[in-house]
>>> print(open('run_17.csv').read())   # CSV, C-alpha atoms
chain,number,residue,atom,x,y,z
M,861,MET,CA,229.8,109.8,164.8
M,862,TYR,CA,227.6,110.2,161.8
M,863,ARG,CA,228.0,108.6,158.4
M,864,GLY,CA,230.8,110.8,157.3
M,865,ARG,CA,233.4,109.6,154.8
M,866,GLU,CA,237.1,110.4,154.7
M,867,GLY,CA,236.7,114.0,155.7
M,868,GLN,CA,235.0,112.8,158.9
M,869,TRP,CA,237.8,110.5,159.8
M,870,ALA,CA,240.4,113.1,158.9
M,871,TYR,CA,238.7,115.5,161.3
M,872,PHE,CA,238.3,112.9,164.1
M,873,LEU,CA,241.9,111.8,163.9
M,874,HIS,CA,243.1,115.4,163.9
M,875,ARG,CA,241.2,116.1,167.1
M,876,ILE,CA,242.2,112.9,168.9
M,877,THR,CA,245.9,113.3,168.0
M,878,GLY,CA,245.7,117.1,168.8
M,879,VAL,CA,244.3,116.4,172.3
M,880,ALA,CA,246.8,113.6,172.9
M,881,LEU,CA,249.7,115.8,171.8
M,882,VAL,CA,248.8,118.8,174.0
M,883,LEU,CA,248.4,116.6,177.0
M,884,TYR,CA,251.8,115.0,176.2
M,885,LEU,CA,253.3,118.5,175.7
M,886,MET,CA,252.2,119.6,179.2
M,887,LEU,CA,253.6,116.5,180.8
M,888,HIS,CA,256.8,116.8,178.8
M,889,VAL,CA,257.4,120.5,179.7
M,890,PHE,CA,256.6,119.7,183.3
M,891,ASP,CA,259.1,116.9,183.6
M,892,ILE,CA,261.9,118.6,181.6
M,893,SER,CA,261.4,121.6,184.0
M,894,LEU,CA,262.5,119.3,186.8
M,895,VAL,CA,266.1,119.9,185.6
M,896,MET,CA,265.8,123.1,187.6
M,897,TYR,CA,266.3,121.0,190.8
M,898,GLY,CA,269.8,120.1,189.6
M,899,PRO,CA,271.7,116.8,189.1
M,900,ASP,CA,270.7,115.5,192.6
M,901,GLY,CA,267.0,116.4,192.1
M,902,PRO,CA,264.2,114.2,190.9
M,903,PHE,CA,264.9,114.6,187.2
M,904,ASN,CA,266.9,111.4,186.6
M,905,ALA,CA,264.5,109.3,188.6
M,906,PHE,CA,261.6,110.6,186.5
M,907,LEU,CA,263.5,109.9,183.3
M,908,MET,CA,264.5,106.4,184.3
M,909,PHE,CA,260.8,105.7,185.0
M,910,TYR,CA,259.9,106.9,181.5
M,911,HIS,CA,262.7,104.8,180.0
M,912,GLN,CA,260.6,101.6,180.7
M,913,TRP,CA,259.3,100.0,177.6
M,914,PRO,CA,255.6,100.8,177.9
M,915,PHE,CA,256.4,104.5,177.9
M,916,ARG,CA,258.8,104.1,175.0
M,917,ILE,CA,256.0,102.5,173.0
M,918,GLY,CA,253.9,105.4,174.1
M,919,LEU,CA,256.6,107.8,172.7
M,920,VAL,CA,256.4,106.0,169.3
M,921,LEU,CA,252.7,106.7,169.3
M,922,VAL,CA,253.4,110.3,170.1
M,923,ILE,CA,255.7,110.5,167.1
M,924,ALA,CA,253.1,108.9,164.9
M,925,ALA,CA,250.5,111.5,166.2
M,926,VAL,CA,252.9,114.3,165.5
M,927,VAL,CA,253.5,113.2,161.9
M,928,TYR,CA,249.8,112.7,161.2
M,929,HIS,CA,248.7,115.9,162.9
M,930,ALA,CA,251.4,117.9,161.1
M,931,LEU,CA,250.7,116.5,157.6
M,932,ASN,CA,246.9,116.7,158.0
M,933,GLY,CA,247.4,120.3,159.3
M,934,LEU,CA,249.2,121.1,156.0
M,935,ARG,CA,246.2,119.6,154.2
M,936,ILE,CA,243.8,121.9,156.2
M,937,ILE,CA,245.9,124.9,155.3
M,938,LEU,CA,245.7,123.9,151.6
M,939,LEU,CA,241.9,123.4,151.9
M,940,ASP,CA,241.5,126.8,153.6
M,941,PHE,CA,243.8,129.0,151.5
M,942,THR,CA,243.7,127.6,148.0
M,943,THR,CA,240.7,127.3,145.6
M,944,TRP,CA,241.9,123.9,144.1
M,945,ALA,CA,242.6,121.7,147.1
M,946,ILE,CA,239.0,121.1,148.1
M,947,ARG,CA,238.5,119.1,144.9
M,948,TYR,CA,241.3,116.8,145.9
M,949,GLN,CA,240.6,116.7,149.7
M,950,ARG,CA,240.1,112.9,149.6
M,951,VAL,CA,243.2,112.2,147.6
M,952,LEU,CA,245.1,114.6,149.9
M,953,TRP,CA,243.9,112.7,153.0
M,954,TYR,CA,245.1,109.4,151.5
M,955,THR,CA,248.4,111.2,150.7
M,956,VAL,CA,248.6,112.2,154.4
M,957,LEU,CA,248.1,108.6,155.5
M,958,GLY,CA,250.6,107.4,152.9
M,959,VAL,CA,253.3,109.8,153.8
M,960,THR,CA,252.7,109.2,157.5
M,961,THR,CA,253.3,105.5,156.8
M,962,ILE,CA,256.4,106.2,154.7
M,963,ILE,CA,257.9,108.4,157.4
M,964,GLY,CA,256.8,105.9,160.1
M,965,ILE,CA,258.5,102.8,158.7
M,966,PRO,CA,262.1,103.9,159.0
M,967,VAL,CA,261.3,105.5,162.4
M,968,LEU,CA,260.0,102.1,163.6
M,969,VAL,CA,263.0,100.3,162.1
M,970,LYS,CA,265.3,102.7,164.1
M,971,ILE,CA,263.4,102.8,167.4
M,972,LEU,CA,261.8,99.3,167.9
M,973,PRO,CA,265.2,97.5,168.2
M,974,GLU,CA,266.3,100.1,170.8
M,975,ILE,CA,263.3,99.3,172.9
M,976,PHE,CA,263.3,95.5,172.5
M,977,GLY,CA,267.0,94.9,171.8
M,978,GLY,CA,267.8,95.0,175.4
M,979,ALA,CA,270.0,98.1,175.0
O,700,MET,CA,228.9,121.5,167.3
O,701,ALA,CA,230.3,124.3,165.2
O,702,VAL,CA,231.2,123.3,161.6
O,703,ARG,CA,234.8,124.3,160.8
O,704,PRO,CA,235.0,127.3,158.5
O,705,ARG,CA,236.2,126.3,155.0
O,706,ASN,CA,238.1,129.4,154.1
O,707,LEU,CA,239.2,132.8,155.4
O,708,GLN,CA,236.0,134.6,154.2
O,709,GLU,CA,233.8,132.0,156.0
O,710,ALA,CA,235.9,132.2,159.1
O,711,ARG,CA,235.5,136.0,159.1
O,712,ASP,CA,231.7,135.8,158.6
O,713,ARG,CA,231.2,133.1,161.2
O,714,SER,CA,233.5,134.3,164.0
O,715,ARG,CA,231.6,136.1,166.7
O,716,ASN,CA,234.4,138.6,167.2
O,717,ASN,CA,237.8,139.4,165.9
O,718,ALA,CA,239.6,137.4,168.6
O,719,GLU,CA,238.2,134.1,167.3
O,720,LEU,CA,239.1,135.1,163.8
O,721,ALA,CA,242.7,135.9,164.9
O,722,TRP,CA,242.9,132.5,166.6
O,723,TRP,CA,241.7,130.8,163.5
O,724,VAL,CA,244.5,132.5,161.5
O,725,PHE,CA,247.0,131.9,164.3
O,726,MET,CA,246.4,128.2,164.3
O,727,ARG,CA,247.3,127.9,160.6
O,728,ILE,CA,250.4,130.2,160.8
O,729,SER,CA,251.7,128.6,164.0
O,730,GLY,CA,250.9,125.1,162.6
O,731,LEU,CA,253.1,125.8,159.6
O,732,PHE,CA,256.0,126.8,161.8
O,733,LEU,CA,255.5,124.0,164.2
O,734,VAL,CA,255.8,121.4,161.5
O,735,PHE,CA,259.4,122.4,161.0
O,736,LEU,CA,260.2,123.1,164.7
O,737,VAL,CA,258.6,119.8,166.0
O,738,PHE,CA,260.1,117.6,163.3
O,739,ALA,CA,263.5,119.0,164.0
O,740,HIS,CA,263.0,118.6,167.8
O,741,VAL,CA,261.9,115.0,167.4
O,742,PHE,CA,264.7,114.2,165.0
O,743,ILE,CA,267.4,115.6,167.1
O,744,ASN,CA,266.3,114.1,170.4
O,745,ASN,CA,264.6,110.9,169.4
O,746,ILE,CA,265.8,109.7,166.0
O,747,ALA,CA,269.5,110.9,165.8
O,748,ILE,CA,270.1,109.4,169.3
O,749,ASN,CA,268.7,106.6,171.3
O,750,VAL,CA,266.2,108.3,173.6
O,751,ALA,CA,267.0,105.9,176.4
O,752,THR,CA,270.4,107.6,176.7
O,753,VAL,CA,268.8,110.9,177.6
O,754,ASP,CA,269.6,111.9,181.2
O,755,TYR,CA,270.3,115.0,183.3
O,756,SER,CA,273.6,115.8,181.7
O,757,TYR,CA,272.2,115.5,178.2
O,758,VAL,CA,269.3,117.8,178.9
O,759,ALA,CA,271.3,120.3,181.0
O,760,GLY,CA,274.0,120.3,178.3
O,761,ARG,CA,271.5,121.1,175.6
O,762,LEU,CA,269.6,123.7,177.5
O,763,ALA,CA,272.9,125.5,178.3
O,764,LYS,CA,273.4,126.3,174.6
O,765,PRO,CA,272.0,129.7,173.5
O,766,SER,CA,270.9,128.3,170.2
O,767,VAL,CA,268.8,125.6,171.9
O,768,LYS,CA,267.4,128.2,174.3
O,769,VAL,CA,266.2,130.4,171.4
O,770,PHE,CA,264.9,127.4,169.3
O,771,ASP,CA,263.1,125.9,172.3
O,772,THR,CA,261.6,129.2,173.3
O,773,PHE,CA,259.8,129.5,169.9
O,774,LEU,CA,258.9,125.8,170.2
O,775,LEU,CA,257.5,126.2,173.7
O,776,GLY,CA,255.6,129.4,173.0
O,777,LEU,CA,254.0,128.3,169.7
O,778,ALA,CA,253.3,124.8,170.8
O,779,MET,CA,251.6,125.8,174.0
O,780,LEU,CA,249.5,128.5,172.3
O,781,HIS,CA,248.6,126.2,169.5
O,782,GLY,CA,247.9,123.2,171.7
O,783,VAL,CA,246.0,125.0,174.5
O,784,ASN,CA,243.9,127.0,172.1
O,785,GLY,CA,243.1,123.7,170.3
O,786,LEU,CA,242.1,122.1,173.5
O,787,ARG,CA,240.0,125.2,174.4
O,788,VAL,CA,238.1,124.8,171.1
O,789,VAL,CA,237.6,121.0,171.6
O,790,ILE,CA,236.2,121.7,175.1
O,791,GLY,CA,234.0,124.4,173.7
O,792,ASP,CA,232.6,122.0,171.1
O,793,ASN,CA,232.1,119.0,173.4
O,794,VAL,CA,231.2,120.3,176.9
O,795,ARG,CA,227.6,121.4,176.6
O,796,ARG,CA,226.9,122.8,180.1
O,797,PRO,CA,228.0,126.5,180.0
O,798,GLY,CA,229.0,126.6,183.7
O,799,LEU,CA,231.0,123.4,183.5
O,800,ARG,CA,232.6,124.5,180.3
O,801,PHE,CA,233.7,127.8,181.8
O,802,TRP,CA,235.3,126.2,184.8
O,803,ILE,CA,237.1,123.5,182.8
O,804,GLN,CA,238.5,126.3,180.6
O,805,VAL,CA,239.6,128.3,183.7
O,806,VAL,CA,241.4,125.2,185.0
O,807,LEU,CA,243.0,124.6,181.6
O,808,ILE,CA,244.3,128.2,181.4
O,809,VAL,CA,245.6,128.2,184.9
O,810,VAL,CA,247.5,124.9,184.5
O,811,SER,CA,248.8,125.9,181.1
O,812,VAL,CA,250.1,129.3,182.3
O,813,ALA,CA,251.9,127.5,185.2
O,814,ILE,CA,253.5,124.9,182.9
O,815,PHE,CA,254.5,127.6,180.4
O,816,VAL,CA,256.1,129.7,183.2
O,817,ALA,CA,258.0,126.6,184.4
O,818,GLY,CA,259.2,126.0,180.8
O,819,VAL,CA,260.4,129.6,180.4
O,820,MET,CA,262.1,129.5,183.7
O,821,THR,CA,263.8,126.2,182.7
O,822,LEU,CA,265.1,127.9,179.6
O,823,TRP,CA,266.1,131.3,180.8
O,824,ALA,CA,265.7,132.2,184.5
O,825,PHE,CA,268.5,131.1,186.7
O,826,SER,CA,271.1,128.4,187.2
O,827,TYR,CA,269.3,125.1,187.8
O,828,ARG,CA,270.6,124.8,191.4
O,829,GLU,CA,269.6,128.4,192.3
O,830,MET,CA,266.1,127.7,191.0
O,831,GLY,CA,265.7,124.4,192.8
O,832,ASP,CA,266.8,125.9,196.0
O,833,ALA,CA,264.3,128.7,195.6
O,834,ILE,CA,261.5,126.4,194.9
O,835,ARG,CA,262.5,124.1,197.8
O,836,ASP,CA,262.6,127.0,200.1
O,837,LEU,CA,259.2,128.2,198.9
O,838,THR,CA,257.5,124.8,199.3
O,839,SER,CA,259.1,124.1,202.7
O,840,GLY,CA,257.7,127.4,204.1
O,841,HIS,CA,260.9,129.4,204.7
>>> encode(input="run_17.csv", output="structure tokens")
Amino acid sequence: MYRGREGQWAYFLHRITGVALVLYLMLHVFDISLVMYGPDGPFNAFLMFYHQWPFRIGLVLVIAAVVYHALNGLRIILLDFTTWAIRYQRVLWYTVLGVTTIIGIPVLVKILPEIFGGA
Amino acid sequence: MAVRPRNLQEARDRSRNNAELAWWVFMRISGLFLVFLVFAHVFINNIAINVATVDYSYVAGRLAKPSVKVFDTFLLGLAMLHGVNGLRVVIGDNVRRPGLRFWIQVVLIVVSVAIFVAGVMTLWAFSYREMGDAIRDLTSGH
């Protein structure tokens, strides 16, 4: 890291979330593809394993990464394809963080009780 | 580490060849589509329902629907291309030794193609039981 400001953090978070998401994607496609073994195959056992609470917390983090990466991706598209966005790149990044939080709160309110409500 | 091009003209000037420029454009176009595809996917399977209720019958029931097959095919294809290309770029930026970088990227491509094929098979190829039997026969050496 060098002494970058918001742009540096935007870039760093975009990379970290991107790498995490592609690794999750590969695991996800692999374990969904286990449905090919049929109802008596390993699919349900895999899924029950992932339904344990640490993995469900992990899934919440995956959703957070999706929302940040998507919104910051839109910011990058604006920066690259418009002439005006570069002047507002810092404001746009705080907007990305703000909207991520705004989307994140109802998602947490919906999902956290499902994880810890004993259901 | 390469500095990210700031606009289309810079990307064009800086890319070593047309393939890199095409990937740069692809990342933006696929990214735009993926925002909608992934948000819808997460909403349907993780927000609208309790994800802990997902089991074989839920997944098999969804994947049996033609609309889900078409939707998930676009999702799978764009997400894998976007994600694996992104990872390739990250490896290119961060792994300095050319030999090591090359082999990591070879492993990445091989693993990605295998996972992509498994995904396409899951969506389109055969009935699940036929496919499981075929793989089981293959791996048990018959």
>>> interface_residues(input="run_17.csv", of="chain O", to="chain M", cutoff="7 Å", atoms="all atoms listed in the file", output="CSV table (one decimal) with C-alpha atoms, in the coordinates of the input")
chain,number,residue,atom,x,y,z
O,705,ARG,CA,236.2,126.3,155.0
O,706,ASN,CA,238.1,129.4,154.1
O,707,LEU,CA,239.2,132.8,155.4
O,727,ARG,CA,247.3,127.9,160.6
O,730,GLY,CA,250.9,125.1,162.6
O,734,VAL,CA,255.8,121.4,161.5
O,749,ASN,CA,268.7,106.6,171.3
O,751,ALA,CA,267.0,105.9,176.4
O,754,ASP,CA,269.6,111.9,181.2
O,755,TYR,CA,270.3,115.0,183.3
O,759,ALA,CA,271.3,120.3,181.0
O,782,GLY,CA,247.9,123.2,171.7
O,783,VAL,CA,246.0,125.0,174.5
O,786,LEU,CA,242.1,122.1,173.5
O,814,ILE,CA,253.5,124.9,182.9
O,817,ALA,CA,258.0,126.6,184.4
O,818,GLY,CA,259.2,126.0,180.8
O,821,THR,CA,263.8,126.2,182.7
O,827,TYR,CA,269.3,125.1,187.8
O,828,ARG,CA,270.6,124.8,191.4
O,830,MET,CA,266.1,127.7,191.0
O,831,GLY,CA,265.7,124.4,192.8
>>> atom_distance(input="run_17.csv", atom1="atom CA of O:Trp722", atom2="atom CA of O:Asn793")
18.6 Å
>>> atom_distance(input="run_17.csv", atom1="atom CA of O:Val819", atom2="atom CA of O:Gly791")
27.7 Å
>>> closest_residue(input="run_17.csv", among="M:Phe909, M:Pro914, M:Trp953, M:Val969", to="M:His874", atoms="only C-alpha atoms")
M:Trp953
>>> atom_distance(input="run_17.csv", atom1="atom CA of O:Arg761", atom2="atom CA of M:Phe976")
27.1 Å
